[in-house]
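Peer 1: Following this line is model_17.cif, made up of mmCIF, C-alpha atoms:
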```cif
data_work
loop_
_atom_site.label_atom_id
_atom_site.label_comp_id
_atom_site.auth_asym_id
_atom_site.auth_seq_id
_atom_site.Cartn_x
_atom_site.Cartn_y
_atom_site.Cartn_z
CA MET A 131 41.99 -195.84 -148.67
CA ALA A 132 38.35 -195.12 -147.79
CA GLN A 133 36.04 -193.39 -150.25
CA SER A 134 32.92 -191.20 -149.93
CA THR A 135 29.61 -193.04 -149.66
CA VAL A 136 27.85 -190.58 -151.96
CA SER A 137 26.47 -192.49 -154.94
CA PHE A 138 23.96 -192.11 -157.77
CA ASP A 139 20.64 -193.79 -158.42
CA ASN A 140 21.56 -195.38 -161.74
CA GLN A 141 18.33 -197.36 -161.81
CA LYS A 142 16.66 -194.13 -162.90
CA SER A 143 16.65 -192.85 -166.47
CA LYS A 144 17.84 -196.17 -167.91
CA GLU A 145 16.11 -195.43 -171.20
CA PHE A 146 17.96 -192.13 -171.59
CA THR A 147 21.31 -193.67 -170.70
CA SER A 148 20.86 -196.65 -173.01
CA GLU A 149 19.58 -194.64 -175.98
CA LEU A 150 22.28 -192.00 -175.66
CA ARG A 151 25.12 -194.50 -175.56
CA ASP A 152 23.63 -196.51 -178.44
CA ARG A 153 23.17 -193.41 -180.60
CA VAL A 154 26.71 -192.18 -180.02
CA ASP A 155 28.20 -195.63 -180.65
CA ALA A 156 26.16 -195.89 -183.84
CA TYR A 157 27.53 -192.54 -185.07
CA PHE A 158 31.09 -193.82 -184.93
CA GLU A 159 30.21 -197.23 -186.40
CA GLU A 160 28.13 -195.86 -189.27
CA ASN A 161 30.84 -193.34 -190.20
CA ASP A 162 33.67 -195.82 -189.67
CA LEU A 163 35.41 -193.47 -187.26
CA SER A 164 37.74 -194.05 -184.36
CA LYS A 165 36.74 -192.41 -181.08
CA HIS A 166 40.32 -191.22 -180.68
CA ALA A 167 42.43 -188.51 -182.31
CA ASN A 168 42.37 -187.95 -186.06
CA THR A 169 44.67 -186.03 -188.39
CA ARG A 170 43.15 -182.69 -187.42
CA MET A 171 43.89 -183.42 -183.78
CA VAL A 172 47.49 -184.35 -184.53
CA VAL A 173 48.00 -181.14 -186.53
CA LYS A 174 46.56 -179.14 -183.65
CA THR A 175 48.87 -180.93 -181.22
CA VAL A 176 51.91 -179.88 -183.26
CA ALA A 177 50.58 -176.31 -183.53
CA MET A 178 49.99 -175.97 -179.80
CA LEU A 179 53.40 -177.33 -178.86
CA ALA A 180 54.98 -175.01 -181.42
CA MET A 181 53.14 -172.06 -179.88
CA VAL A 182 54.96 -172.78 -176.61
CA PHE A 183 58.41 -173.92 -177.68
CA VAL A 184 59.13 -171.88 -180.82
CA PRO A 185 58.81 -168.63 -178.80
CA TYR A 186 60.76 -170.26 -175.95
CA PHE A 187 63.79 -171.02 -178.16
CA LEU A 188 63.53 -167.64 -179.90
CA ILE A 189 63.68 -165.95 -176.50
CA LEU A 190 66.57 -168.15 -175.41
CA PHE A 191 68.75 -167.93 -178.51
CA GLY A 192 67.29 -165.18 -180.71
CA GLY A 193 69.20 -162.21 -179.31
CA LEU A 194 65.93 -160.26 -179.13
CA GLY A 195 65.03 -157.07 -177.31
CA VAL A 196 63.15 -157.21 -174.03
CA TRP A 197 59.84 -155.97 -175.47
CA LEU A 198 59.83 -158.58 -178.20
CA MET A 199 60.71 -161.25 -175.64
CA LEU A 200 57.80 -160.08 -173.51
CA GLY A 201 55.45 -160.42 -176.49
CA LEU A 202 56.72 -163.94 -177.13
CA ALA A 203 56.18 -164.78 -173.45
CA LEU A 204 52.53 -163.81 -173.85
CA VAL A 205 52.29 -166.07 -176.91
CA MET A 206 53.74 -168.86 -174.79
CA GLY A 207 51.00 -168.26 -172.24
CA VAL A 208 48.34 -168.71 -174.92
CA GLY A 209 50.14 -171.86 -176.07
CA ILE A 210 50.40 -173.29 -172.56
CA ALA A 211 46.64 -172.97 -172.07
CA GLY A 212 46.07 -174.49 -175.52
CA CYS A 213 48.32 -177.46 -174.75
CA GLY A 214 46.36 -178.06 -171.56
CA PHE A 215 43.06 -177.91 -173.43
CA SER A 216 44.03 -179.82 -176.55
CA ILE A 217 46.77 -182.29 -175.67
CA SER A 218 47.15 -182.98 -171.95
CA HIS A 219 43.45 -183.06 -171.14
CA ASP A 220 42.56 -185.62 -173.80
CA ALA A 221 45.63 -187.75 -173.15
CA LEU A 222 45.11 -187.87 -169.39
CA HIS A 223 41.52 -189.03 -169.93
CA GLY A 224 42.80 -191.82 -172.18
CA ALA A 225 40.91 -190.22 -175.07
CA TYR A 226 43.75 -189.14 -177.34
CA SER A 227 44.77 -192.64 -178.41
CA SER A 228 43.80 -196.28 -177.94
CA ASN A 229 47.46 -196.84 -177.03
CA LYS A 230 48.07 -196.32 -173.30
CA THR A 231 51.73 -195.53 -173.89
CA VAL A 232 50.83 -192.71 -176.29
CA ASN A 233 48.34 -191.30 -173.80
CA TYR A 234 50.91 -191.50 -171.00
CA GLY A 235 53.58 -189.78 -173.08
CA LEU A 236 51.31 -186.97 -174.23
CA GLY A 237 49.91 -186.67 -170.71
CA LEU A 238 53.41 -185.78 -169.55
CA THR A 239 53.05 -182.50 -171.46
CA PHE A 240 51.09 -181.47 -168.37
CA ASP A 241 54.20 -182.05 -166.24
CA LEU A 242 56.39 -180.48 -168.92
CA LEU A 243 54.41 -177.27 -168.42
CA GLY A 244 54.74 -177.35 -164.63
CA ALA A 245 51.69 -179.22 -163.30
CA SER A 246 51.39 -182.78 -162.02
CA SER A 247 49.51 -185.12 -164.36
CA TYR A 248 49.34 -187.71 -161.59
CA LEU A 249 47.49 -185.46 -159.14
CA TRP A 250 45.33 -184.04 -161.94
CA LYS A 251 44.04 -187.52 -162.75
CA ILE A 252 42.93 -187.89 -159.12
CA THR A 253 41.38 -184.46 -158.57
CA HIS A 254 39.93 -183.97 -162.06
CA ASN A 255 39.39 -187.32 -163.79
CA VAL A 256 38.09 -189.11 -160.71
CA ILE A 257 36.81 -186.56 -158.21
CA HIS A 258 35.50 -183.73 -160.39
CA HIS A 259 34.10 -185.96 -163.13
CA THR A 260 32.32 -188.25 -160.67
CA TYR A 261 31.03 -185.70 -158.16
CA THR A 262 30.49 -182.65 -160.36
CA ASN A 263 29.22 -179.55 -158.52
CA ILE A 264 28.79 -181.46 -155.25
CA GLN A 265 30.15 -179.08 -152.65
CA GLY A 266 32.35 -180.78 -150.10
CA ILE A 267 33.67 -183.31 -152.64
CA ASP A 268 34.28 -181.59 -155.99
CA GLU A 269 37.71 -180.01 -155.61
CA ASP A 270 37.03 -177.59 -158.50
CA LEU A 271 34.61 -175.69 -156.27
CA GLU A 272 37.38 -174.97 -153.76
CA VAL A 273 39.98 -173.37 -156.01
CA SER A 274 40.61 -170.50 -153.57
CA PRO A 275 39.07 -169.17 -150.33
CA LEU A 276 38.90 -165.85 -152.17
CA LEU A 277 36.14 -167.27 -154.39
CA ARG A 278 32.74 -168.66 -153.44
CA LEU A 279 31.73 -170.94 -156.30
CA SER A 280 28.94 -172.92 -154.63
CA PRO A 281 25.83 -171.86 -152.72
CA GLU A 282 26.88 -174.26 -149.95
CA SER A 283 30.42 -172.89 -149.55
CA GLU A 284 31.19 -170.71 -146.55
CA HIS A 285 30.52 -167.04 -147.18
CA TYR A 286 33.03 -164.34 -146.20
CA TRP A 287 32.51 -160.60 -146.30
CA PHE A 288 34.90 -160.10 -149.23
CA HIS A 289 32.86 -162.43 -151.43
CA ARG A 290 30.44 -159.52 -151.86
CA VAL A 291 32.86 -158.07 -154.43
CA GLN A 292 34.25 -161.29 -155.89
CA HIS A 293 32.69 -160.43 -159.24
CA TRP A 294 35.11 -157.47 -159.33
CA TYR A 295 38.29 -159.40 -158.60
CA GLY A 296 37.39 -162.98 -159.60
CA PHE A 297 38.94 -162.88 -163.06
CA ALA A 298 42.17 -161.48 -161.62
CA VAL A 299 42.30 -164.44 -159.23
CA TYR A 300 42.01 -166.82 -162.17
CA SER A 301 45.10 -165.19 -163.69
CA PHE A 302 47.24 -166.55 -160.86
CA SER A 303 45.96 -170.12 -161.20
CA THR A 304 48.91 -171.59 -163.11
CA LEU A 305 51.49 -169.80 -160.94
CA PHE A 306 49.78 -171.29 -157.89
CA TRP A 307 49.64 -174.66 -159.62
CA VAL A 308 53.34 -174.70 -160.49
CA PHE A 309 54.62 -173.59 -157.09
CA ALA A 310 51.99 -174.59 -154.49
CA LYS A 311 48.84 -176.44 -155.56
CA ASP A 312 50.38 -179.83 -156.32
CA TYR A 313 52.39 -179.80 -153.09
CA LYS A 314 49.28 -178.83 -151.14
CA TYR A 315 47.34 -181.79 -152.57
CA LEU A 316 50.28 -184.09 -151.98
CA LEU A 317 50.35 -183.25 -148.26
CA GLU A 318 46.62 -183.77 -147.72
CA GLU A 319 45.60 -187.09 -146.19
CA ASP A 320 42.01 -186.60 -147.32
CA LEU A 321 41.38 -185.56 -150.89
CA GLY A 322 37.81 -185.16 -152.11
CA PRO A 323 36.03 -188.44 -151.34
CA TYR A 324 39.27 -190.25 -150.50
CA GLN A 325 40.45 -190.64 -146.92
CA GLY A 326 43.92 -191.71 -145.89
CA ILE A 327 45.27 -191.36 -149.41
CA SER A 328 48.79 -192.65 -150.11
CA HIS A 329 51.08 -192.30 -153.12
CA ASP A 330 53.35 -194.80 -154.85
CA TRP A 331 57.03 -193.92 -155.06
CA GLU A 332 56.98 -194.12 -158.87
CA ASP A 333 54.31 -191.41 -159.03
CA LEU A 334 56.21 -189.27 -156.53
CA ALA A 335 59.44 -189.69 -158.48
CA THR A 336 57.74 -188.56 -161.69
CA LEU A 337 56.09 -185.61 -159.94
CA PHE A 338 59.27 -184.27 -158.32
CA GLY A 339 61.49 -185.13 -161.27
CA MET A 340 59.29 -183.25 -163.71
CA LYS A 341 58.91 -180.32 -161.32
CA LEU A 342 62.69 -179.99 -161.13
CA PHE A 343 62.97 -180.28 -164.90
CA TYR A 344 60.37 -177.52 -165.35
CA TYR A 345 62.10 -175.19 -162.88
CA GLY A 346 65.39 -175.92 -164.63
CA TYR A 347 64.47 -175.25 -168.24
CA MET A 348 61.89 -172.53 -167.59
CA ILE A 349 63.64 -170.55 -164.85
CA VAL A 350 67.28 -171.49 -164.29
CA LEU A 351 68.33 -171.83 -167.93
CA PRO A 352 66.89 -168.46 -169.07
CA LEU A 353 68.48 -166.70 -166.09
CA VAL A 354 71.84 -168.21 -167.03
CA LEU A 355 71.67 -167.63 -170.78
CA LEU A 356 69.72 -164.41 -171.23
CA ASP A 357 71.25 -160.96 -170.97
CA VAL A 358 68.44 -159.60 -168.81
CA THR A 359 68.10 -158.64 -165.17
CA TRP A 360 66.31 -160.99 -162.79
CA TRP A 361 63.36 -158.62 -162.54
CA GLN A 362 62.99 -158.40 -166.32
CA PHE A 363 62.92 -162.19 -166.46
CA ALA A 364 60.37 -162.24 -163.62
CA ILE A 365 58.09 -159.86 -165.52
CA GLY A 366 58.17 -162.12 -168.59
CA PHE A 367 57.69 -165.33 -166.60
CA VAL A 368 54.80 -163.95 -164.55
CA SER A 369 53.17 -162.38 -167.63
CA MET A 370 53.28 -165.75 -169.38
CA HIS A 371 51.56 -167.41 -166.43
CA LEU A 372 48.99 -164.64 -165.95
CA THR A 373 47.98 -165.12 -169.59
CA ALA A 374 47.74 -168.91 -169.32
CA GLY A 375 46.03 -168.74 -165.93
CA LEU A 376 43.33 -166.32 -167.04
CA ILE A 377 42.47 -168.38 -170.12
CA LEU A 378 42.44 -171.72 -168.27
CA GLY A 379 40.62 -170.39 -165.22
CA VAL A 380 37.82 -168.74 -167.17
CA VAL A 381 37.21 -171.63 -169.58
CA PHE A 382 36.92 -174.21 -166.82
CA GLN A 383 34.52 -172.04 -164.79
CA LEU A 384 32.24 -171.58 -167.80
CA ALA A 385 31.40 -175.29 -167.65
CA HIS A 386 29.78 -175.38 -164.22
CA VAL A 387 29.60 -171.97 -162.49
CA VAL A 388 27.18 -170.23 -164.81
CA GLU A 389 23.43 -169.74 -164.73
CA GLY A 390 21.56 -172.98 -165.42
CA PRO A 391 23.65 -175.83 -163.98
CA GLU A 392 22.60 -177.11 -160.58
CA HIS A 393 24.67 -177.18 -157.40
CA HIS A 394 24.39 -179.94 -154.81
CA THR A 395 25.78 -180.72 -151.40
CA SER A 396 27.10 -183.99 -150.03
CA GLU A 397 26.03 -183.13 -146.49
CA GLY A 398 23.27 -185.51 -145.39
CA ASN A 399 23.08 -187.09 -148.84
CA ASP A 400 24.27 -190.66 -149.31
CA MET A 401 22.40 -190.94 -152.60
CA MET A 402 22.00 -188.29 -155.28
CA GLU A 403 18.50 -188.10 -156.73
CA ASP A 404 19.57 -188.79 -160.35
CA ALA A 405 21.47 -191.32 -162.36
CA TRP A 406 25.08 -190.26 -162.88
CA LEU A 407 24.64 -189.32 -166.56
CA VAL A 408 21.62 -187.18 -165.72
CA HIS A 409 23.49 -185.55 -162.84
CA GLU A 410 26.25 -184.57 -165.29
CA MET A 411 23.68 -183.09 -167.68
CA LYS A 412 22.12 -181.03 -164.90
CA THR A 413 25.42 -179.68 -163.54
CA THR A 414 27.27 -178.87 -166.76
CA ALA A 415 26.99 -176.30 -169.56
CA ASN A 416 28.38 -175.75 -173.07
CA PHE A 417 29.22 -172.49 -174.79
CA ALA A 418 30.05 -171.14 -178.26
CA ARG A 419 29.34 -174.41 -180.04
CA SER A 420 29.20 -172.70 -183.43
CA ASN A 421 32.43 -170.73 -183.08
CA PRO A 422 35.14 -172.61 -185.05
CA LEU A 423 38.05 -170.72 -183.46
CA VAL A 424 36.84 -171.40 -179.91
CA CYS A 425 36.14 -175.04 -180.79
CA TRP A 426 39.65 -175.43 -182.19
CA TYR A 427 41.54 -173.64 -179.44
CA VAL A 428 39.85 -174.95 -176.29
CA GLY A 429 39.97 -178.55 -177.45
CA GLY A 430 36.27 -179.26 -177.15
CA LEU A 431 36.04 -177.92 -173.60
CA ASN A 432 33.25 -175.67 -174.77
CA PHE A 433 31.43 -179.01 -175.20
CA GLN A 434 31.73 -179.88 -171.53
CA ILE A 435 28.44 -181.78 -171.52
CA GLU A 436 29.72 -184.22 -174.11
CA HIS A 437 33.09 -184.37 -172.38
CA HIS A 438 31.55 -185.27 -169.02
CA LEU A 439 29.32 -187.92 -170.56
CA PHE A 440 32.03 -189.39 -172.80
CA PRO A 441 35.44 -188.44 -171.34
CA ARG A 442 37.22 -191.22 -173.24
CA ILE A 443 36.12 -189.88 -176.63
CA CYS A 444 38.63 -187.44 -178.13
CA SER A 445 37.45 -183.83 -177.96
CA VAL A 446 37.80 -183.41 -181.73
CA HIS A 447 34.55 -185.42 -182.09
CA TYR A 448 32.42 -183.45 -179.62
CA PRO A 449 30.95 -180.96 -182.12
CA ALA A 450 29.63 -183.86 -184.20
CA ILE A 451 28.00 -185.77 -181.34
CA SER A 452 26.60 -182.72 -179.52
CA GLY A 453 23.50 -182.71 -181.72
CA ILE A 454 22.83 -186.32 -180.77
CA VAL A 455 23.20 -185.57 -177.06
CA GLU A 456 20.92 -182.53 -177.23
CA GLU A 457 18.28 -184.42 -179.23
CA VAL A 458 18.18 -187.41 -176.87
CA ALA A 459 18.15 -185.14 -173.81
CA GLU A 460 15.21 -183.16 -175.17
CA LYS A 461 13.32 -186.38 -175.94
CA HIS A 462 13.67 -187.52 -172.32
CA GLY A 463 13.00 -184.14 -170.73
CA ILE A 464 16.55 -183.64 -169.48
CA PRO A 465 18.08 -180.13 -169.59
CA TYR A 466 20.86 -179.29 -172.04
CA HIS A 467 22.48 -176.08 -170.77
CA HIS A 468 24.37 -173.97 -173.26
CA HIS A 469 25.22 -170.37 -174.11
CA PRO A 470 25.41 -169.48 -177.81
CA THR A 471 28.54 -167.32 -177.55
CA LEU A 472 31.68 -167.10 -175.45
CA TRP A 473 30.78 -163.57 -174.35
CA GLN A 474 27.31 -164.62 -173.18
CA SER A 475 28.87 -167.41 -171.14
CA ILE A 476 31.43 -165.08 -169.57
CA ARG A 477 28.68 -162.61 -168.66
CA SER A 478 26.67 -165.45 -167.13
CA HIS A 479 29.66 -166.48 -165.03
CA TYR A 480 30.10 -162.87 -163.91
CA ARG A 481 26.45 -162.73 -162.83
CA MET A 482 26.85 -166.03 -161.01
CA LEU A 483 29.89 -164.74 -159.13
CA LYS A 484 27.83 -161.76 -158.08
CA LYS A 485 24.92 -163.93 -156.91
CA LEU A 486 27.17 -166.30 -155.02
CA GLY A 487 28.92 -163.33 -153.40
CA THR A 488 25.64 -162.15 -151.90
CA PRO A 489 25.17 -163.33 -148.28
CA PRO A 490 23.06 -166.53 -148.35
CA THR A 491 20.35 -165.19 -146.07
CA ALA A 492 19.76 -162.21 -148.36
CA ASN A 493 19.59 -163.68 -151.84
CA ALA A 494 20.97 -167.19 -152.17
CA PRO A 495 20.92 -168.88 -155.59
CA ALA A 496 18.61 -171.84 -155.89
CA LEU A 497 20.20 -175.04 -154.61
CA SER A 498 19.30 -178.57 -155.62
CA THR A 499 20.17 -181.39 -153.25
#
```
For the file at hand, write its structure as C-alpha cells.
Peer 2:
Amino acid sequence: MAQSTVSFDNQKSKEFTSELRDRVDAYFEENDLSKHANTRMVVKTVAMLAMVFVPYFLILFGGLGVWLMLGLALVMGVGIAGCGFSISHDALHGAYSSNKTVNYGLGLTFDLLGASSYLWKITHNVIHHTYTNIQGIDEDLEVSPLLRLSPESEHYWFHRVQHWYGFAVYSFSTLFWVFAKDYKYLLEEDLGPYQGISHDWEDLATLFGMKLFYYGYMIVLPLVLLDVTWWQFAIGFVSMHLTAGLILGVVFQLAHVVEGPEHHTSEGNDMMEDAWLVHEMKTTANFARSNPLVCWYVGGLNFQIEHHLFPRICSVHYPAISGIVEEVAEKHGIPYHHHPTLWQSIRSHYRMLKKLGTPPTANAPALST
C-alpha cells in the first residue's frame, strides 16, 4: 500500500517542539496525574451513554405518546453526538485508557451508534491528524461536493450560497455516515495519501456485523415493537440524526474552517514548510475555552489545538494544559488561534463559508502553501 510523499520539515522549530513536550510531561509528573481518563471522565461516559439508551428503552417499552417519543429521540441525538465527542473519540485515539482492550471496547461505541470505528481510525486518526488542512489529502475537507471548505477545492456556482445552506448539510452528516459514507470509503482503492488500500477480513467482519446490529436494534426492533406507523418512526429516526449531525458537523468544522487557521495544498509540494507540530498549530483553532458546559459536552474538542498536538492524552486534561501550549507558542512566535465563545466561532465559520463560496478569481481567501 503506497503512501503520499508529502512530509514535514521536522528539523525546524526543534526548540519549540522539545520545550512543549517537556512542559506538558512535567505537568503530569509534578501533579502525579495519569494522561488517561479520570473519575470525571468515567462519570461523563456513563452520563452520555445514559442520554442515548435511557430514552431508547423508554421509547421502546414506555408506552408513550408520539410527541413525547419525538422529544426523547431529540435527546438521543444530543447523546449520540456527546458519545462521539466524549467516549468514542478518546478511545479510538488510544487516549481513554492505557489498556488497549478498554480503548478497543469503548471505541466500539462508535460502531454501536452506526459508524465504523475501523474506517474512522484511517480517515481521522491517520489522514486528518497527519495532513490537517492539506487539500487533496485531508478527507475532512471533502465532506460533500455541496461544500467548499478549502481555497484549493473546485468551485461550483452553488457554492456562492453555501453559507445559507451549509449548516443544513451538516445536519445530514450522521445519516450519510450510517447508510453511505463508510461503504463509500470501503470501496475506494485510494484513500487520502494511501494508494491500493486493502482491508483485513477481521476488520470487515466487525464493520458489517456492527452495521447489521445497528440497523437491527435501531430500526427493525422499534418497527416491530412500537405501535406507530412507519412514517412516524421515520420522523423520529431522522430527527434524532439531524440533531446529532448538526452538532457533530458544526463542532468539527470550528476546529479548522474558521478565520485564522491556514490552508495548504499538496499539489507540487513534497515538503511542507513547517515541522509537523507547528503545522498543526497553524491549521487548527480552539473555541469557548472558558465555557464549562461546552468543555464538558464536546469532550475537549473545543481544545482542538491540544488534541492535535497530544491526541493520546485524554481530552479531560486539555483545559489544564492549554495554558502551557499557549505560553510556549507565544514564546516561540507561533500562532495560537482561538475564539473566546462558541457563538464567535460559529460566526467565524459562517464568514469563512461565505468567503470560500466566492469565486476564487474574485476574492479568494489567503492560501499558504
Peer 1: Quote the spacing between atom CA of A:Phe240 and atom CA of A:Cys213 in Å to one decimal place.
Peer 2: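 Value for the atom CA of A:Phe240-atom CA of A:Cys213 distance: 8.0 Å.
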Peer 1: For the structure provided, state which residues fall under the PyMOL selection byres ((chain A and resi 477-480) around 6), and present them as number ranges by chain.
Peer 2: A: 293, 388-389, 474-476, 481-483
Peer 1: Under the rule of at most 9 Å, produce a per-residue listing of stretch 166-251 of chain A near stretch 428-443 of chain A: chain, number, name, the closest pair of atoms, and the distance in Å, as a tab-separated table, using only C-alpha atoms.
Peer 2:
```
residue	atom	partner	partner_atom	distance
A:His166	CA	A:Ile443	CA	6.0
A:Ala167	CA	A:Ile443	CA	8.6
A:Met171	CA	A:Gly429	CA	8.9
A:Ala211	CA	A:Val428	CA	8.2
A:Gly212	CA	A:Val428	CA	6.3
A:Cys213	CA	A:Gly429	CA	8.8
A:Gly214	CA	A:Val428	CA	8.6
A:Phe215	CA	A:Gly429	CA	5.1
A:Ser216	CA	A:Gly429	CA	4.3
A:Ile217	CA	A:Gly429	CA	8.0
A:His219	CA	A:Gly429	CA	8.5
A:Asp220	CA	A:Arg442	CA	7.8
A:His223	CA	A:Arg442	CA	5.9
A:Gly224	CA	A:Arg442	CA	5.7
A:Ala225	CA	A:Arg442	CA	4.2
A:Tyr226	CA	A:Ile443	CA	7.7
```
Peer 1: Can you list, as a ChimeraX atom specification, every protein, DNA or RNA residue that comes within 8 Å of A:Gly375 when you count all atoms listed in the file, leaving out same-chain residues fewer than 5 positions away?
Peer 2: /A:211,300-305
Peer 1: Hey, what comes out of the PyMOL selection byres ((chain A and resi 182) around 9) on this file? Could you write it as a VMD selection string?
Peer 2: chain A and resid 177 to 181 183 to 186 203 205 to 210 213
Peer 1: Can I get the selection written as a PDB file, in the coordinates of the input, with C-alpha atoms?
Peer 2:
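See part_32.pdb below for the written result:
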```pdb
ATOM      1  CA  ALA A 177      50.580-176.310-183.530  1.00  0.00           C
ATOM      2  CA  MET A 178      49.990-175.970-179.800  1.00  0.00           C
ATOM      3  CA  LEU A 179      53.400-177.330-178.860  1.00  0.00           C
ATOM      4  CA  ALA A 180      54.980-175.010-181.420  1.00  0.00           C
ATOM      5  CA  MET A 181      53.140-172.060-179.880  1.00  0.00           C
ATOM      6  CA  PHE A 183      58.410-173.920-177.680  1.00  0.00           C
ATOM      7  CA  VAL A 184      59.130-171.880-180.820  1.00  0.00           C
ATOM      8  CA  PRO A 185      58.810-168.630-178.800  1.00  0.00           C
ATOM      9  CA  TYR A 186      60.760-170.260-175.950  1.00  0.00           C
ATOM     10  CA  ALA A 203      56.180-164.780-173.450  1.00  0.00           C
ATOM     11  CA  VAL A 205      52.290-166.070-176.910  1.00  0.00           C
ATOM     12  CA  MET A 206      53.740-168.860-174.790  1.00  0.00           C
ATOM     13  CA  GLY A 207      51.000-168.260-172.240  1.00  0.00           C
ATOM     14  CA  VAL A 208      48.340-168.710-174.920  1.00  0.00           C
ATOM     15  CA  GLY A 209      50.140-171.860-176.070  1.00  0.00           C
ATOM     16  CA  ILE A 210      50.400-173.290-172.560  1.00  0.00           C
ATOM     17  CA  CYS A 213      48.320-177.460-174.750  1.00  0.00           C
TER      18      CYS A 213
END
```
Peer 1: Report, as lines of an AutoDock Vina configuration file, the centre and edge lengths in Å (one decimal) of the axis-aligned box enclosing every listed atom of stretch 252-260 of chain A, padded by 6 Å on each side.
Peer 2:
```
center_x = 37.6
center_y = -186.4
center_z = -161.0
size_x = 22.6
size_y = 17.4
size_z = 17.6
```
